[in-house]
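Accompanying notes for the structure given below.
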Amino acid sequence: MAVSTALLALGFGALAVADELPVYLAACVVWTVGSMLAAPPNAQINADLAPPELRARYQSVFYLAFPAASFVAPTLGGVSLQYLGDRHWLIVGGLGVLAAVGHLLAGPPRERRVAARLRETVHRPERALTVDG
């Protein structure tokens, strides 16, 4: 997750210096690869951390963030670009780097929690992984 988020940060941050089509295209490729690398672990992390009986609900709420962002981002991004210019992209890139660091910090505790959940299901079969209905 940290690598994918860092790629997103790099791709968006590069727009601050992009002034020719090839640079824009390269930035787009970088952030697209970051998005593609983030999708599977996002779904897996939600599934691993959610109680088995609530996995579908957790996934649904998580994926509601994307349409919400699609609704809010154009307005906030437009205002930010109007007043900040290219600094907007530097700020977005910086926030992405902070998010990547956050993933690095959150990874070990998250893995411990998932491992504990798996141990619990081995010792308590009634809590075994189930498919949401």
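Letters A, B, ... mark the chains of the structure tokens in the order given; residue numbers begin at 1 per chain; ligand numbers begin at 1, in order shown.
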Using DSSP assignments from the backbone, pull out every residue in chain A that falls under alpha helix (DSSP H) and give it to me as a PyMOL selection string.
chain A and resi 2-13+21-49+55-84+87-123
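The neighbours of region 4-14 of chain A here are the residues that come within 8 Å of it, using only C-alpha atoms and leaving out any residue fewer than 6 positions away in the same chain; they are A:Ala26, A:Ala27, A:Cys28, A:Val29, A:Val30, A:Trp31, A:Thr32, A:Val33, A:Gly34, A:Ser35, A:Met36, A:Leu37, A:Ala38, A:Trp89, A:Leu90, A:Ile91, A:Val92, A:Gly93, A:Gly94, A:Leu95, A:Gly96, A:Val97, A:Ala99, A:Ala100.
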Just to be explicit: take each residue in the selection above, keep C-alpha atoms, and write the result as an mmCIF file, in the first residue's frame.
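Contents of the output file again-v2.cif:
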data_model
loop_
_atom_site.group_PDB
_atom_site.id
_atom_site.type_symbol
_atom_site.label_atom_id
_atom_site.label_comp_id
_atom_site.auth_asym_id
_atom_site.auth_seq_id
_atom_site.Cartn_x
_atom_site.Cartn_y
_atom_site.Cartn_z
ATOM 1 C CA ALA A 26 4.090 10.035 -17.896
ATOM 2 C CA ALA A 27 2.504 11.449 -14.735
ATOM 3 C CA CYS A 28 -0.793 9.846 -15.707
ATOM 4 C CA VAL A 29 0.883 6.470 -16.213
ATOM 5 C CA VAL A 30 2.584 6.715 -12.801
ATOM 6 C CA TRP A 31 -0.592 7.559 -10.861
ATOM 7 C CA THR A 32 -2.597 4.989 -12.809
ATOM 8 C CA VAL A 33 -0.121 2.258 -11.897
ATOM 9 C CA GLY A 34 -0.373 3.427 -8.291
ATOM 10 C CA SER A 35 -4.167 3.168 -8.426
ATOM 11 C CA MET A 36 -4.009 -0.283 -9.984
ATOM 12 C CA LEU A 37 -1.583 -1.522 -7.338
ATOM 13 C CA ALA A 38 -3.781 -0.149 -4.539
ATOM 14 C CA TRP A 89 -0.177 19.642 -7.095
ATOM 15 C CA LEU A 90 2.759 19.944 -4.706
ATOM 16 C CA ILE A 91 0.349 19.894 -1.777
ATOM 17 C CA VAL A 92 -1.479 16.870 -3.224
ATOM 18 C CA GLY A 93 1.854 15.101 -3.727
ATOM 19 C CA GLY A 94 2.942 15.967 -0.189
ATOM 20 C CA LEU A 95 -0.300 14.634 1.250
ATOM 21 C CA GLY A 96 0.258 11.458 -0.755
ATOM 22 C CA VAL A 97 3.749 11.060 0.711
ATOM 23 C CA ALA A 99 -0.328 8.845 3.379
ATOM 24 C CA ALA A 100 2.435 6.473 2.198
#
Given only C-alpha atoms as the basis, pick out the residue of A:Phe66, A:Pro109, A:His123, A:Val3 nearest to Pro41 (chain A).
A:Val3
